[in-house]
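The structure under discussion appears below in the form of structure tokens.
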Amino acid sequence: MRPFLDTAVPYLSRYRRGIALGLGALVLKDVAGAGIPLMIKLAIDSVSAGRPLNVLYLFCGALLAMAAVKAFFQYWMRVILVGISRDVEFDIRNDLFRQFTRLDSGFYGGHRTGDLMARSTNDLNAVRMMLGPALMYFIETALTFLLALAIMFSVDWRLTLWALTPAPVVTFVVIYFGQRIHRRFEKIQGLFSDISSRVQENLSGVRVVRAYAQEEAELEQFAALNERFIHQNVRLARLSGLFMPLLQALIGLTFMLVLLVGGFRLLDGDLSLGSFVMFNTYMGILVWPMIAFGWVVNLMQRGSASLKRIRAVLDEKPGIVAPEAPEAVPEEVTIGLHGARMGWNGFNALTGVDMRIGQGETVAIVGRTGSGKSTLVQLIARLLDPVEGEVRIGGVDVRQLDPEELRRLIGFVPQETFLFSATLGENIAFGVDNASEEQIRAAAEMAGLDKDIEDFPLGYQTVVGERGITLSGGQKQRTAIARAILRDPRILILDDALSAVDTITEERILGRLRAFMKGRTTILISHRVSTVRQADRIYVLDQGRIVEQGRHEELITRGGYYADLHQKQLLEEELESI
């Protein structure tokens, strides 16, 4: 009950008025339903006593009225309470998505996309069923039992006790099966997450699977995973299949006791015919609550297992948060790193990095693969926080700024380009409200994408497909550059953003970008000397440390990694020209 109280109650409390109305309709429906057998008893006893026929007509009219009242309130009970469960589902889904947007890269590094999708769909549906139909029928069955037993005790307490004889066995069966259903459903949800992850990975990497001719191998692995999922579901079905008939058998035993004991007492004259019929009618009414109780226990156990998985995500604390009283973003956008260290699990991606970038400067960062270049710019955008040292913007530690306000200053083109399944125009305008068509075209032209778009049949309205699958690598990179340009950022970060274009196209794009970069603080990361040679200052990283810095000409004359890289690329250009 603790996860339910901690997680579900705050959501349900938002709809207190609706829940009160729904429970009111439930109570009135149960009161009307519980009164029907009592009305039948009075009608039969009046006929047995020789009362006039008009009295029977009155009882029939009263029965019809009570049935109509019961139907009316049953309708509104279901509409209100099940509707509220849909509202709660809506709220939890929004909160889950909001939480996904707040969590940092460390969380996503430890969780598979398919697992998170399963929690957002399958688990959430199980929680809705628990908070809607299961909770509603739990209260309804409990109230129906209480009302029926109260009336039955008032008429004949001895026969009522006989009817309650199987109750301890019912309690034991519900607890025993409920615990096992809970554990098995947790396993099933875990396997469903594995299946979702497997499908998601295969759809995202379908070209790799085909390129390596691994279709059959992937099919075999998926079939094995699917078989385990089916096996666990069959085990749960067998358990549920045993649970429900066992409950029905206990219900049949109760009927038998009422018929046997009540029949003998009727023959002995200790019980009126109306009371005997009333008891059997109540037993008929209690059949559904008894069956529904087993169904409710099943839904409750499934829902509580899923709620635990959803709660685990909601309880995650983002590593990067805004301070309680954030400082205003400085007007001056100088960038400084002071003794910055970043590492994971004993591995240091950056160690003791000191760097200063003046406002309006263009700085380049080069280095071998894995030297820490991308990690460094992620610290500046506060996608990561340093383990030691600090990063300052305009002299203010970035941890004292609101991350959202900080990132509004930055146009970031990451190493891995991501495009949404939308039109080219929408992808370029992502993150910019009310961008005009002229602004989108100007950004695309500056990124060197305009000529490519002219060849597309629908131009800027061309849908690029999931992750931009219909575009080449170079086109995706240029779309991402146009997106960053359209933001009109004060800090521009290009993380190897021209690696997928040839050197001629690169030079043309850089020529267009130089006018845009003027007056903006720009950071270029590249493996090509041709990309960074015009920078005001070049930093060379090696194993997370700055080993060289200076202008292009200075670094060439000193020798070292940068000079070797320059020499190597000159040789490659000469060989290509032959």
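Letters A, B, ... mark the chains of the structure tokens in the order given; residue numbers begin at 1 per chain; ligand numbers begin at 1, in order shown.
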Hey, which bits of segment 208-266 of chain A sit within 9 Å of segment 270-279 of chain A, and for each residue what's the closest pair of atoms and how far apart in Å (one decimal), counting only C-alpha atoms, rows by chain and increasing number, as CSV?
```
residue,atom,partner,partner_atom,distance
A:Val258,CA,A:Phe279,CA,7.5
A:Leu259,CA,A:Phe276,CA,8.4
A:Gly262,CA,A:Phe276,CA,6.3
A:Gly263,CA,A:Phe276,CA,7.6
A:Phe264,CA,A:Asp270,CA,8.8
A:Arg265,CA,A:Asp270,CA,5.1
A:Leu266,CA,A:Leu271,CA,4.8
```
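Residues in contact with Leu492 of chain A at up to 6 Å, not including ones fewer than 3 positions away on its chain and judged by only C-alpha atoms, are Ile410, Gly411 and Thr522 of chain A.
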Would you write out those residues with C-alpha atoms, as a compact mmCIF listing (two decimals), in the first residue's frame?
```txt
# COMPACT_ATOMS: atom_id res chain seq x y z
CA ILE A 410 23.90 28.54 -27.30
CA GLY A 411 23.53 27.14 -30.79
CA THR A 522 32.42 30.29 -31.47
```
If you take only C-alpha atoms and a cut-off of 10 Å, which residues of segment 320-359 of chain A touch segment 98-111 of chain A, and what are their nearest atom pairs and distances in Å to one decimal, in chain and number order, as JSON lines?
```
{"residue": "A:Ile320", "atom": "CA", "partner": "A:Asp104", "partner_atom": "CA", "distance": 6.7}
{"residue": "A:Val321", "atom": "CA", "partner": "A:Arg102", "partner_atom": "CA", "distance": 8.2}
{"residue": "A:Trp344", "atom": "CA", "partner": "A:Gly106", "partner_atom": "CA", "distance": 9.9}
```
Selection above as a file: N, CA and C atoms, as a CSV table (one decimal), in the first residue's frame:
```csv
chain,number,residue,atom,x,y,z
A,320,ILE,N,21.4,17.5,-13.1
A,320,ILE,CA,21.6,19.0,-13.5
A,320,ILE,C,20.3,19.7,-13.2
A,321,VAL,N,20.3,20.6,-12.2
A,321,VAL,CA,19.1,21.3,-11.9
A,321,VAL,C,19.4,22.8,-11.8
A,344,TRP,N,34.2,9.1,-15.2
A,344,TRP,CA,33.2,8.1,-14.9
A,344,TRP,C,33.9,6.9,-14.5
```
Checklist line | Contacts of segment 464-478 of chain A within 9 Å, only C-alpha atoms, excl. fewer than 5 positions in-chain, as a list in words | finding: Ser204, Val413, Gln415, Glu416, Thr417, Phe418, Leu419, Phe420, Ser421, Ala422, Thr423, Leu424, Asn427, Ala444, Ala447, Gly448, Leu449, Asp452, Arg483, Ala497, Leu498, Ser499, Ala500, Val501, Asp502 and Ile509 of chain A
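Residues surrounding Thr281 of chain A within 12 Å are A:Gly33, A:Ala34, A:Gly35, A:Ile36, A:Pro37, A:Leu38, A:Met39, A:Ile40, A:Lys41, A:Ala148, A:Met152, A:Phe255, A:Val258, A:Leu259, A:Gly274, A:Ser275, A:Phe276, A:Val277, A:Ile285, A:Leu286, A:Val287 [only C-alpha atoms; sequence separation below 4 positions excluded].
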Restricting the output to N, CA and C atoms, write the selected residues as a PDB file, in the first residue's frame.
```
ATOM      1  N   GLY A  33     -29.642  -1.286  -4.867  1.00  0.00           N
ATOM      2  CA  GLY A  33     -29.500  -2.706  -5.176  1.00  0.00           C
ATOM      3  C   GLY A  33     -29.731  -3.589  -3.968  1.00  0.00           C
ATOM      4  N   ALA A  34     -29.230  -3.164  -2.787  1.00  0.00           N
ATOM      5  CA  ALA A  34     -29.411  -3.971  -1.571  1.00  0.00           C
ATOM      6  C   ALA A  34     -30.861  -3.989  -1.114  1.00  0.00           C
ATOM      7  N   GLY A  35     -31.627  -2.950  -1.493  1.00  0.00           N
ATOM      8  CA  GLY A  35     -33.040  -2.899  -1.068  1.00  0.00           C
ATOM      9  C   GLY A  35     -33.959  -3.779  -1.889  1.00  0.00           C
ATOM     10  N   ILE A  36     -33.520  -4.206  -3.078  1.00  0.00           N
ATOM     11  CA  ILE A  36     -34.390  -4.998  -3.954  1.00  0.00           C
ATOM     12  C   ILE A  36     -34.751  -6.353  -3.339  1.00  0.00           C
ATOM     13  N   PRO A  37     -33.809  -7.160  -2.821  1.00  0.00           N
ATOM     14  CA  PRO A  37     -34.190  -8.433  -2.186  1.00  0.00           C
ATOM     15  C   PRO A  37     -35.109  -8.240  -0.972  1.00  0.00           C
ATOM     16  N   LEU A  38     -34.867  -7.159  -0.240  1.00  0.00           N
ATOM     17  CA  LEU A  38     -35.737  -6.885   0.907  1.00  0.00           C
ATOM     18  C   LEU A  38     -37.159  -6.584   0.447  1.00  0.00           C
ATOM     19  N   MET A  39     -37.282  -5.866  -0.659  1.00  0.00           N
ATOM     20  CA  MET A  39     -38.598  -5.571  -1.220  1.00  0.00           C
ATOM     21  C   MET A  39     -39.271  -6.857  -1.707  1.00  0.00           C
ATOM     22  N   ILE A  40     -38.486  -7.789  -2.291  1.00  0.00           N
ATOM     23  CA  ILE A  40     -39.030  -9.080  -2.738  1.00  0.00           C
ATOM     24  C   ILE A  40     -39.550  -9.871  -1.534  1.00  0.00           C
ATOM     25  N   LYS A  41     -38.803  -9.857  -0.426  1.00  0.00           N
ATOM     26  CA  LYS A  41     -39.229 -10.566   0.801  1.00  0.00           C
ATOM     27  C   LYS A  41     -40.567 -10.028   1.289  1.00  0.00           C
ATOM     28  N   ALA A 148     -25.534  -6.013   2.327  1.00  0.00           N
ATOM     29  CA  ALA A 148     -26.253  -7.294   2.266  1.00  0.00           C
ATOM     30  C   ALA A 148     -26.160  -8.041   3.595  1.00  0.00           C
ATOM     31  N   MET A 152     -29.100  -9.153   6.084  1.00  0.00           N
ATOM     32  CA  MET A 152     -29.236 -10.592   6.356  1.00  0.00           C
ATOM     33  C   MET A 152     -29.134 -10.887   7.856  1.00  0.00           C
ATOM     34  N   PHE A 255     -23.761 -21.156  -1.489  1.00  0.00           N
ATOM     35  CA  PHE A 255     -25.137 -21.378  -1.951  1.00  0.00           C
ATOM     36  C   PHE A 255     -25.700 -22.666  -1.363  1.00  0.00           C
ATOM     37  N   VAL A 258     -26.645 -22.251   2.306  1.00  0.00           N
ATOM     38  CA  VAL A 258     -27.863 -21.447   2.491  1.00  0.00           C
ATOM     39  C   VAL A 258     -29.097 -22.253   2.099  1.00  0.00           C
ATOM     40  N   LEU A 259     -29.016 -22.978   0.967  1.00  0.00           N
ATOM     41  CA  LEU A 259     -30.160 -23.781   0.529  1.00  0.00           C
ATOM     42  C   LEU A 259     -30.459 -24.914   1.514  1.00  0.00           C
ATOM     43  N   GLY A 274     -40.640 -15.672   2.376  1.00  0.00           N
ATOM     44  CA  GLY A 274     -40.053 -14.424   1.871  1.00  0.00           C
ATOM     45  C   GLY A 274     -38.599 -14.260   2.298  1.00  0.00           C
ATOM     46  N   SER A 275     -38.303 -14.623   3.570  1.00  0.00           N
ATOM     47  CA  SER A 275     -36.934 -14.517   4.062  1.00  0.00           C
ATOM     48  C   SER A 275     -36.018 -15.505   3.347  1.00  0.00           C
ATOM     49  N   PHE A 276     -36.567 -16.734   3.101  1.00  0.00           N
ATOM     50  CA  PHE A 276     -35.760 -17.740   2.405  1.00  0.00           C
ATOM     51  C   PHE A 276     -35.415 -17.278   0.987  1.00  0.00           C
ATOM     52  N   VAL A 277     -36.420 -16.719   0.276  1.00  0.00           N
ATOM     53  CA  VAL A 277     -36.183 -16.204  -1.076  1.00  0.00           C
ATOM     54  C   VAL A 277     -35.209 -15.021  -1.031  1.00  0.00           C
ATOM     55  N   ILE A 285     -26.940 -11.925  -5.630  1.00  0.00           N
ATOM     56  CA  ILE A 285     -26.337 -10.599  -5.780  1.00  0.00           C
ATOM     57  C   ILE A 285     -24.857 -10.636  -5.420  1.00  0.00           C
ATOM     58  N   LEU A 286     -24.511 -11.443  -4.411  1.00  0.00           N
ATOM     59  CA  LEU A 286     -23.131 -11.498  -3.935  1.00  0.00           C
ATOM     60  C   LEU A 286     -22.219 -12.335  -4.834  1.00  0.00           C
ATOM     61  N   VAL A 287     -22.793 -13.049  -5.809  1.00  0.00           N
ATOM     62  CA  VAL A 287     -21.961 -13.849  -6.715  1.00  0.00           C
ATOM     63  C   VAL A 287     -21.001 -12.942  -7.495  1.00  0.00           C
TER      64      VAL A 287
END
```
Item checked: Close residues, segment 330-336 of chain A itself excluded, 12 Å, only C-alpha atoms, min 4 positions apart in chain, as a PyMOL selection string -> chain A and resi 326+340+353-363+376-377+379-381+389-398+400-402+405-406+409-410+489-492+519-523
Could you take the residues named above and write them with N, CA and C atoms, as a compact mmCIF listing (two decimals), in the first residue's frame?
```
# COMPACT_ATOMS: atom_id res chain seq x y z
N PRO A 326 18.53 31.34 -9.10
CA PRO A 326 19.55 31.45 -10.15
C PRO A 326 19.94 32.89 -10.43
N ALA A 340 39.02 22.10 -14.57
CA ALA A 340 37.87 21.23 -14.81
C ALA A 340 38.30 19.77 -14.98
N VAL A 353 41.61 20.92 -16.78
CA VAL A 353 41.57 21.75 -17.99
C VAL A 353 41.37 23.22 -17.60
N ASP A 354 42.27 24.08 -18.06
CA ASP A 354 42.14 25.53 -17.90
C ASP A 354 42.05 26.14 -19.29
N MET A 355 41.03 26.96 -19.49
CA MET A 355 40.82 27.53 -20.82
C MET A 355 40.05 28.84 -20.67
N ARG A 356 40.39 29.81 -21.50
CA ARG A 356 39.62 31.05 -21.51
C ARG A 356 39.31 31.44 -22.96
N ILE A 357 38.03 31.75 -23.20
CA ILE A 357 37.58 32.14 -24.53
C ILE A 357 36.92 33.51 -24.40
N GLY A 358 37.49 34.50 -25.03
CA GLY A 358 36.95 35.85 -24.95
C GLY A 358 35.69 36.01 -25.78
N GLN A 359 34.92 37.04 -25.45
CA GLN A 359 33.68 37.30 -26.19
C GLN A 359 34.01 37.62 -27.64
N GLY A 360 33.29 36.95 -28.56
CA GLY A 360 33.48 37.18 -29.98
C GLY A 360 34.63 36.42 -30.59
N GLU A 361 35.38 35.66 -29.78
CA GLU A 361 36.51 34.89 -30.30
C GLU A 361 36.03 33.60 -30.95
N THR A 362 36.80 33.13 -31.91
CA THR A 362 36.59 31.81 -32.50
C THR A 362 37.73 30.92 -32.06
N VAL A 363 37.38 29.89 -31.32
CA VAL A 363 38.38 28.97 -30.76
C VAL A 363 38.14 27.59 -31.34
N LEU A 376 34.23 18.37 -23.23
CA LEU A 376 34.54 19.75 -22.87
C LEU A 376 33.39 20.70 -23.25
N VAL A 377 32.87 20.58 -24.48
CA VAL A 377 31.80 21.50 -24.89
C VAL A 377 30.48 21.16 -24.20
N LEU A 379 30.35 20.42 -21.08
CA LEU A 379 30.48 21.15 -19.81
C LEU A 379 30.06 22.60 -20.00
N ILE A 380 30.43 23.19 -21.14
CA ILE A 380 30.09 24.60 -21.39
C ILE A 380 28.59 24.78 -21.51
N ALA A 381 27.90 23.84 -22.17
CA ALA A 381 26.44 23.91 -22.32
C ALA A 381 25.72 23.37 -21.09
N GLY A 389 36.62 21.46 -10.18
CA GLY A 389 36.80 22.69 -10.93
C GLY A 389 35.48 23.34 -11.26
N GLU A 390 35.52 24.29 -12.16
CA GLU A 390 34.29 25.02 -12.51
C GLU A 390 34.35 25.53 -13.94
N VAL A 391 33.17 25.82 -14.46
CA VAL A 391 33.01 26.42 -15.78
C VAL A 391 32.28 27.74 -15.57
N ARG A 392 32.80 28.81 -16.13
CA ARG A 392 32.21 30.14 -15.93
C ARG A 392 31.81 30.76 -17.27
N ILE A 393 30.65 31.40 -17.24
CA ILE A 393 30.18 32.19 -18.39
C ILE A 393 30.05 33.62 -17.89
N GLY A 394 30.81 34.53 -18.51
CA GLY A 394 30.77 35.92 -18.05
C GLY A 394 31.18 36.06 -16.60
N GLY A 395 32.05 35.16 -16.14
CA GLY A 395 32.53 35.22 -14.77
C GLY A 395 31.63 34.56 -13.75
N VAL A 396 30.50 34.00 -14.19
CA VAL A 396 29.55 33.36 -13.28
C VAL A 396 29.62 31.85 -13.47
N ASP A 397 29.73 31.12 -12.37
CA ASP A 397 29.73 29.65 -12.43
C ASP A 397 28.42 29.18 -13.05
N VAL A 398 28.49 28.32 -14.06
CA VAL A 398 27.28 27.89 -14.77
C VAL A 398 26.31 27.16 -13.84
N GLN A 400 25.35 28.23 -11.12
CA GLN A 400 24.51 29.27 -10.51
C GLN A 400 23.49 29.83 -11.49
N LEU A 401 23.50 29.31 -12.73
CA LEU A 401 22.56 29.76 -13.76
C LEU A 401 21.47 28.73 -13.98
N ASP A 402 20.34 29.19 -14.46
CA ASP A 402 19.27 28.28 -14.87
C ASP A 402 19.73 27.60 -16.17
N GLU A 405 17.97 28.81 -19.32
CA GLU A 405 18.35 30.15 -19.77
C GLU A 405 19.75 30.14 -20.38
N LEU A 406 20.65 29.36 -19.79
CA LEU A 406 22.01 29.26 -20.34
C LEU A 406 21.98 28.71 -21.76
N LEU A 409 21.32 30.75 -24.90
CA LEU A 409 22.43 31.52 -25.48
C LEU A 409 23.17 30.74 -26.55
N ILE A 410 22.99 29.41 -26.56
CA ILE A 410 23.90 28.54 -27.30
C ILE A 410 23.21 27.91 -28.51
N PRO A 489 22.30 32.48 -31.91
CA PRO A 489 22.91 32.31 -30.59
C PRO A 489 24.07 33.27 -30.36
N ARG A 490 24.36 33.53 -29.09
CA ARG A 490 25.53 34.33 -28.75
C ARG A 490 26.77 33.45 -28.63
N ILE A 491 26.55 32.15 -28.41
CA ILE A 491 27.65 31.17 -28.40
C ILE A 491 27.31 30.10 -29.43
N LEU A 492 28.20 29.82 -30.35
CA LEU A 492 27.98 28.80 -31.38
C LEU A 492 29.00 27.68 -31.17
N GLY A 519 31.57 38.46 -34.12
CA GLY A 519 30.94 39.02 -32.92
C GLY A 519 30.34 37.98 -32.00
N ARG A 520 30.31 36.70 -32.44
CA ARG A 520 29.79 35.62 -31.60
C ARG A 520 30.95 34.79 -31.07
N THR A 521 30.79 34.27 -29.88
CA THR A 521 31.78 33.36 -29.31
C THR A 521 31.57 32.00 -29.95
N THR A 522 32.58 31.52 -30.67
CA THR A 522 32.42 30.29 -31.47
C THR A 522 33.46 29.26 -31.06
N ILE A 523 33.00 28.01 -30.93
CA ILE A 523 33.90 26.89 -30.63
C ILE A 523 33.76 25.87 -31.74
```
Looking only at the backbone, which of the residues in segment 327-380 of chain A does DSSP tag as helix (DSSP H, G or I), as a PDB file with C-alpha atoms, in the first residue's frame?
```pdb
ATOM      1  CA  LYS A 373      36.717  17.298 -26.996  1.00  0.00           C
ATOM      2  CA  SER A 374      32.962  16.595 -26.910  1.00  0.00           C
ATOM      3  CA  THR A 375      32.982  16.290 -23.123  1.00  0.00           C
ATOM      4  CA  LEU A 376      34.536  19.755 -22.872  1.00  0.00           C
ATOM      5  CA  VAL A 377      31.795  21.498 -24.893  1.00  0.00           C
ATOM      6  CA  GLN A 378      29.111  19.571 -23.009  1.00  0.00           C
ATOM      7  CA  LEU A 379      30.480  21.150 -19.812  1.00  0.00           C
ATOM      8  CA  ILE A 380      30.092  24.599 -21.385  1.00  0.00           C
TER       9      ILE A 380
END
```
Need to verify the contact set: Met129 of chain A, 12 Å, only C-alpha atoms, exclusion of same-chain residues closer than 2 positions in sequence. Can you return it as a short mmCIF file (atom, residue, chain, number, x, y, z; two decimals) with C-alpha atoms, in the first residue's frame?
```cif
data_model
loop_
_atom_site.label_atom_id
_atom_site.label_comp_id
_atom_site.auth_asym_id
_atom_site.auth_seq_id
_atom_site.Cartn_x
_atom_site.Cartn_y
_atom_site.Cartn_z
CA LEU A 81 -14.88 7.08 -11.61
CA VAL A 82 -13.56 5.43 -14.80
CA GLY A 83 -13.32 8.90 -16.37
CA ILE A 84 -11.20 10.10 -13.44
CA SER A 85 -8.85 7.13 -13.94
CA ARG A 86 -8.34 8.38 -17.52
CA VAL A 88 -5.05 10.41 -13.72
CA GLU A 89 -3.49 8.42 -16.58
CA ASN A 122 1.96 -1.02 -20.79
CA ASP A 123 2.74 -0.16 -17.17
CA LEU A 124 0.70 3.02 -17.31
CA ASN A 125 -2.31 1.11 -18.66
CA ALA A 126 -2.07 -1.37 -15.75
CA VAL A 127 -1.97 1.55 -13.29
CA LEU A 131 -7.02 3.28 -10.17
CA GLY A 132 -10.24 3.05 -12.20
CA PRO A 133 -12.16 -0.23 -12.53
CA ALA A 134 -10.23 -2.09 -9.80
CA LEU A 135 -10.60 0.61 -7.15
CA MET A 136 -14.22 1.26 -8.09
CA TYR A 137 -15.22 -2.41 -7.92
CA TRP A 295 -10.64 -9.89 -10.67
CA VAL A 296 -9.96 -6.80 -8.54
CA VAL A 297 -7.14 -8.57 -6.69
CA ASN A 298 -5.62 -9.54 -10.05
CA LEU A 299 -5.80 -5.94 -11.33
CA MET A 300 -4.52 -4.53 -8.04
CA GLN A 301 -1.46 -6.79 -8.07
CA ARG A 302 -0.71 -6.01 -11.72
CA GLY A 303 -1.22 -2.28 -11.10
CA SER A 304 0.94 -2.18 -7.98
CA SER A 306 3.55 -1.41 -12.65
CA LEU A 307 3.19 1.52 -10.25
#
```
All residues 12 Å or closer to Cys60 of chain A, only C-alpha atoms, same chain fewer than 3 positions away omitted, as a PDB file with C-alpha atoms, in the first residue's frame:
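Heads up, here's the output in out_35.pdb:
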```pdb
ATOM      1  CA  ILE A  36     -34.390  -4.998  -3.954  1.00  0.00           C
ATOM      2  CA  MET A  39     -38.598  -5.571  -1.220  1.00  0.00           C
ATOM      3  CA  ILE A  40     -39.030  -9.080  -2.738  1.00  0.00           C
ATOM      4  CA  LYS A  41     -39.229 -10.566   0.801  1.00  0.00           C
ATOM      5  CA  LEU A  42     -41.921  -8.090   1.835  1.00  0.00           C
ATOM      6  CA  ALA A  43     -43.859  -8.767  -1.392  1.00  0.00           C
ATOM      7  CA  ILE A  44     -43.779 -12.576  -0.960  1.00  0.00           C
ATOM      8  CA  LEU A  53     -53.564  -7.824  -4.993  1.00  0.00           C
ATOM      9  CA  ASN A  54     -53.199  -4.035  -5.085  1.00  0.00           C
ATOM     10  CA  VAL A  55     -50.444  -4.321  -2.477  1.00  0.00           C
ATOM     11  CA  LEU A  56     -48.528  -6.669  -4.813  1.00  0.00           C
ATOM     12  CA  TYR A  57     -48.838  -4.098  -7.602  1.00  0.00           C
ATOM     13  CA  LEU A  63     -39.150  -2.802  -7.491  1.00  0.00           C
ATOM     14  CA  LEU A  64     -39.159  -1.155 -10.944  1.00  0.00           C
ATOM     15  CA  ALA A  65     -38.387   2.229  -9.384  1.00  0.00           C
ATOM     16  CA  MET A  66     -35.500   0.829  -7.332  1.00  0.00           C
ATOM     17  CA  ALA A  67     -34.101  -0.956 -10.400  1.00  0.00           C
TER      18      ALA A  67
END
```
Next item on the list: Quote the spacing between atom CA of Ala482 of chain A and atom CA of Pro403 of chain A in Å to one decimal place.
Entry: 22.7 Å
Notebook entry, point to check: Using only C-alpha atoms, which of A:Ala535, A:Leu257, A:Ala364, A:Leu458 sits nearest Leu159 of chain A?
Noted result: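 Smallest distance to Leu159 of chain A is found for A:Leu257.
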Notebook entry, point to check: Taking into account only C-alpha atoms, which residue in the set A:Gly544, A:Arg382, A:Glu186, A:Ile504 is nearest to Arg407 of chain A?
Noted result: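 The closest residue to Arg407 of chain A is A:Arg382.
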Next item on the list: Could you please determine the separation between atom CA of Ile428 of chain A and atom CA of Arg533 of chain A in Å, to one decimal place?
Entry: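 Interatomic distance here is 28.0 Å.
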Check: From the set A:Ile230, A:Val206, A:Leu510, A:Ala32, which residue has the shortest atom-to-atom contact distance to Thr144 of chain A, counting only C-alpha atoms?
Finding: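 For Thr144 of chain A, the nearest of the candidates is A:Ala32.
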